[in-house]
Structures are given as C-alpha cells and as structure tokens.
Amino acid sequence: MECKDITALLSGYIDETLTPRIKEQVDKHIAACPACAGELSELKAVVNRLHGLHRVKAPADFLQNVLNRVEKPSLLERIRRRYILPLRKNISYEIIGVALTLAIIIAVPELVKQSTRETQKTTVPQLGVSTTRPPQETLKKEAENKPVINAPDDEGAPKTFSEEKSLFDNSAQHERSDAISATALQNRKIASSPMLPAMTNGIEPSMFEEINVSYDSGRNPDSVSREISDAIKKLGGADIKSEYGKADDEPLIVYARLPRENLPLLYKEISKLGTVNAPRQTPPATNQKTIPVKIYLKPSK
Amino acid sequence: MDIERKRAAIEDLELVEAFRKDDASAFNILVNKYKDVVFTVCLRYLGNREEADDCAQDTFVKVFRGLKDFRARSSFSTWLYSIAVNTCKNRLLSLSHRYQKKMARLDEFIETDDGCMAFEIADGTTPPAEELENRQQQAVIQNAINSLDVQQREILILRDIEGLSYEEIAEITANNPGTVKSRISRARLQLKERLKERKIYGM
C-alpha cells in the first residue's frame with residue numbers, strides 16, 4: 001500500500017470501520033512508515049480535540065423564549081385582531097388576505113405616482129422621549145397635507161424607520177411599527193380605509209396616546225373602567241368606549257378623546273387606580289385640540 | 001444503540017405521545033431535555049451565540065408545530081437533529097455575506113487574551129489558568145471548524161462532537177452510509193490541515 005492510499009483510510013481506521021483484511025494492511029504499512037504513523041496520531045489528536053469540546057449550555061431563559069415564539073400570532077392573525085375583531089364581524093382569513101392583497105395592488109401605482117411627484121424636503125418632527133408618542137406626529141403632519149418622507153434632512157436630524165423602530169422598546173410597540181411602516185406611505189388612504197374599525201372612528205390605531213395601566217387583580221375590571229370613564233368625563237373627554245380583549249391575558253381597553261392640555265391630568269387620575277407606565281408630565285406638542293387615547297387595563301399578577 | 005440512548009429514546013416517544021394527548025408540559029420537558037444539545041449544535045455550526053440562540057429557538061418552534069404529525073419513523077432525536085442542522089444550514093445560506101464578516105471577528109478573538117474567554121460560556125467564576133488555556137484551544141478549534149465548508153462542518157459536528165453513529169448521520173443528512181464515511185474522512189483531514197495552518201492542534 002502507498003502512503004496516499006493510507007491517508008484516505010485513516011479515518012475508517014480510527015472509527016474501526018475497516019474490514020479486517022484492509023486493517024491488517026494498514027497496520028503493516030504504519031509499522032514500517034513513520035510518516036504515516038505520524039499522520040495517524042495527528043488525526044487521532046484532532047478527533048480527540050473535537051470529542052473534548054464542552055457541551056455548551058443554552059441561555060437560562062431559553063424555554064420561555066421558545067414558548068413566546070410559539071405563541072406569537074402570525075402577522076395575519078395580528079391584523080385580524082386589531083382591525084377586524086373590533087368590528088364584531090366574522091370575517092374569514094381568506095377575505096382578509098384577499099383584501100390586503102387588493103389594497104397592495106391598488107396602492108402600488110399610487111405610491112409610484114406619489115414618489116415621483118414629491119420632491120420637496122420635509123423636516124421630520126423631533127420625536128419625544130416617550131415611547132408612546134412618535135408615530136402620531138408624523139402621521140398627523142400627513143393628515144395636514146404635508147408629505148411625510150422619512151429621509152434625513154440636511155441638519156442631520158434623521159429618523160429613518162429603523163431608527164424609529166429602535167425607539168420602541170416593548171413588543172406591542174414593535175408590532176405596531178411594522179404596521180406603521182407598511183401604511184405610512186399610504187397615509188392618505190388610511191382615513192377612508194374600510195378595514196378600520198368603527199370603534200376607533202377612522203383613526204389609525206397607533207396614532208393613539210397609549211396608556212398602560214396595571215390595576216390590583218382583586219378588583220373588578222368593570223368598576224376600574226367605570227372609574228376611568230368618570231375621570232375622563234371630568235377632564236372634558238368624550239367618545240368613551242371600552243372593549244374586552246379576546247384572551248384571558250388580553251387587556252381591557254378604554255378609548256376616548258381628551259382635550260390635549262388635560263392629558264397629564266388624566267395620567268394623574270389614572271395613577272390613583274393603578275400603576276401607570278411613563279406618565280406624561282406635559283401635554284404633547286401638537287396642533288390638535290383633542291387627543292385620542294387608548295388605555296390598556298391589565299390586572300397586576 | 002447503548003442502554004442510555006435506548007432509554008432516552010423510549011422516554012422521548014412517551015413524551016411525544018403525551019403531547020399528542022394535549023399535555024403541553026411534555027413539550028417543555030422535551031425542550032429542557034434537548035436545549036443544550038441543540039444550542040451546542042447551532043453554536044458549533046454558526047460560530048455565533050446570537051445566531052445560535054435564534055436558530056435553536058426556531059428549531060424548537062418547528063418541533064412544536066410538527067410534533068403532532070411526527071410519525072416516529074426515525075427516533076425523536078434524529079428528527080430533532082435534522083431540523084437543527086437544516087435550520088442552521090438555511091441560516092448560513094441566507095446570511096453568507098454577513099457570516100464572512102463574523103468569521104473575521106473570531107479570528108481577531110484568537111489574538112487577544114480576553115477575546116477567547118468571551119467565546120465560551122462564563123459561569124460567572126474566573127477560571128484557573130489551565131481552564132483559560134483550554135478555552136483558548138476551544139476557540140481555535142471553533143475557528144477552524146468555521147473555515148470548513150458547510151457540508152464538512154455539519155458532518156464533523158454530528159460525528160465527532162455529537163458522537164452520532166454513521167446510520168443516524170445518514171438519516172439526518174439523507175445520504176447513504178458510504179457517503180457519510182467518505183465525507184467524515186475528508187472533513188477530518190481538512191480540519192487537520194486547517195489546524196496545522198494555525199500551528200496549533202493541541203498536541
């Protein structure tokens with residue numbers, strides 16, 4: 001046997017898959033050939049090194065992460081939950097899928113037209129620190145007929161969609177930013193879209209001032225929502241509606257419109273009923289006289 | 001298959017059955033049982049913890065979705081391994097450009113002292129000098145593995161890191177044992193050369 005033949009057999013030799021006859025030939029050659037004997041021991045060393053690699057432990061929260069992924073609803077399901085369910089109509093997935101496809105087909109030529117028409121620069125409004133605010137302002141500007149293009153302006157005060165997205169630090173916001181980027185260029189269409197729930201009065205849902213409240217789980221949710229309604233009325237709010245989430249862990253949601261300057265007061269009032277995230281100290285900077293609010297009520301664990 | 005493996009396989013099938021009868025905790029048990037295995041495979045395959053975590057999680061999500069239809073034509077672990085390697089392979093194929101950049105980073109790791117430590121897991125304690133040396137070696141090996149092509153990397157992971165039999169590997173990779181044998185040989189020889197190029201192969 002030649003040395004080059006031996007090389008190809010070394011692996012089988014190590015794994016003991018060679019036939020006895022071949023193995024014998026290899027043994028004979030190696031006994032007489034230091035070079036090949038060296039090759040064999042080097043190869044053994046490599047294999048042993050591989051055997052010696054640690055079993056690496058998965059991260060501590062691995063199971064939880066898997067379960068979260070497993071339960072995360074698909075995009076179609078999320079759209080269904082947000083837009084269709086509040087209509088309280090039984091619309092099948094197929095219809096939603098078709099409607100979406102049609103909307104896209106109709107929208108694309110529109111987008112092409114728009115992008116060639118709009119060449120003026122816009123300044124994108126500075127986004128506030130609060131994670132609940134940003135999308136509303138860009139979309140509002142659009143409603144006032146200024147084209148909104150998220151391109152960096154010359155002063156370098158840029159907010160591309162990916163930067164906006166990084167401002168959102170909870171998963172609910174993350175989902176919404178997808179909807180925003182998907183619909184932002186179609187702003188003019190939003191107000192008249194038939195897909196939006198009557199409940200929200202034609203407002204793109206993520207334009208709301210979103211307030212998350214955690215109330216004592218011993219309390220009756222209806223009475224909590226009644227107290228919130230009262231507070232809203234006291235502060236000059238109107239159009240108050242509430243809606244129950246579908247699953248057990250989905251929050252109760254209260255919608256309303258509130259005069260802009262009373263928003264911080266609303267936060268104060270709500271804080272008396274439960275824990276509020278990121279309460280606002282000052283009213284939002286906007287031309288609108290009233291703000292649509294969306295209050296998520298969840299029992300604390 | 002030795003006794004331990006046989007027992008594990010029987011337990012797996014019982015868990016699959018339980019899951020089919022809507023016992024959700026059976027899935028959790030399977031995840032906890034195999035999460036380190038899957039994570040290791042993904043980490044050795046991709047050479048990057050974040051990608052490995054992502055692919056490992058994806059693997060179990062696919063397991064969850066497919067478990068009711070799992071027909072036990074192979075053992076559960078074989079099925080699990082094939083999902084894991086396919087997930088990793090697809091990830092590599094779609095991210096090959098980004099991956100090239102990551103490979104350069106690992107090379108840099110090797111040069112610096114603390115880079116190597118960062119690569120393997122810290123269990124919080126400072127390891128003794130011997131352990132540090134060991135980890136450095138491991139990083140070198142991983143780097144060499146990363147320099148192999150996908151097929152060779154995969155086969156070495158399955159054979160010499162996971163210790164699977166030729167038959168199992170044949171099932172997982174959908175090849176015949178003869179192909180498996182020759183691939184293992186070529187992969188090992190190639191790895192030996194790569195390590196020699198780096199002048200360290202842990203003698």
# chains A, B, ... in the order shown; residues from 1 in each chain; ligands from 1
>>> select_by_dssp(residues="range 217-257 of chain A", states="strand (DSSP E or B)", output="PyMOL selection string")
chain A and resi 238-244+252-257
>>> write_last_selection(atoms="C-alpha atoms", output="PDB file, in the first residue's frame")
ATOM      1  CA  ALA A 238     -65.760  62.274  25.250  1.00  0.00           C
ATOM      2  CA  ASP A 239     -66.367  59.384  22.841  1.00  0.00           C
ATOM      3  CA  ILE A 240     -65.648  56.919  25.592  1.00  0.00           C
ATOM      4  CA  LYS A 241     -65.835  53.281  24.595  1.00  0.00           C
ATOM      5  CA  SER A 242     -64.473  50.119  26.072  1.00  0.00           C
ATOM      6  CA  GLU A 243     -63.631  46.775  24.612  1.00  0.00           C
ATOM      7  CA  TYR A 244     -62.603  43.456  26.117  1.00  0.00           C
ATOM      8  CA  LEU A 252     -59.466  45.631  28.735  1.00  0.00           C
ATOM      9  CA  ILE A 253     -59.172  48.671  26.516  1.00  0.00           C
ATOM     10  CA  VAL A 254     -60.805  52.051  27.023  1.00  0.00           C
ATOM     11  CA  TYR A 255     -60.921  54.505  24.148  1.00  0.00           C
ATOM     12  CA  ALA A 256     -61.667  58.181  24.470  1.00  0.00           C
ATOM     13  CA  ARG A 257     -60.910  61.636  23.165  1.00  0.00           C
TER      14      ARG A 257
END
>>> interface_residues(of="chain B", to="chain A", cutoff="9 Å", atoms="only C-alpha atoms", output="MDAnalysis selection string")
chainID B and resid 28 31:32 35:41 43 53 56:58 60:62 64:65 120:121 137:138 141 156:157 160:163 181:182 184:186 188:189 191:192 195 201:203
>>> select_by_dssp(residues="range 10-200 of chain B", states="alpha helix (DSSP H)", output="number ranges by chain")
B: 10-20, 24-46, 49-66, 76-94, 96-111, 113-119, 129-146, 150-156, 166-173, 177-197
>>> atom_distance(atom1="CA of Ala35 in chain A", atom2="CA of Glu16 in chain A")
20.9 Å
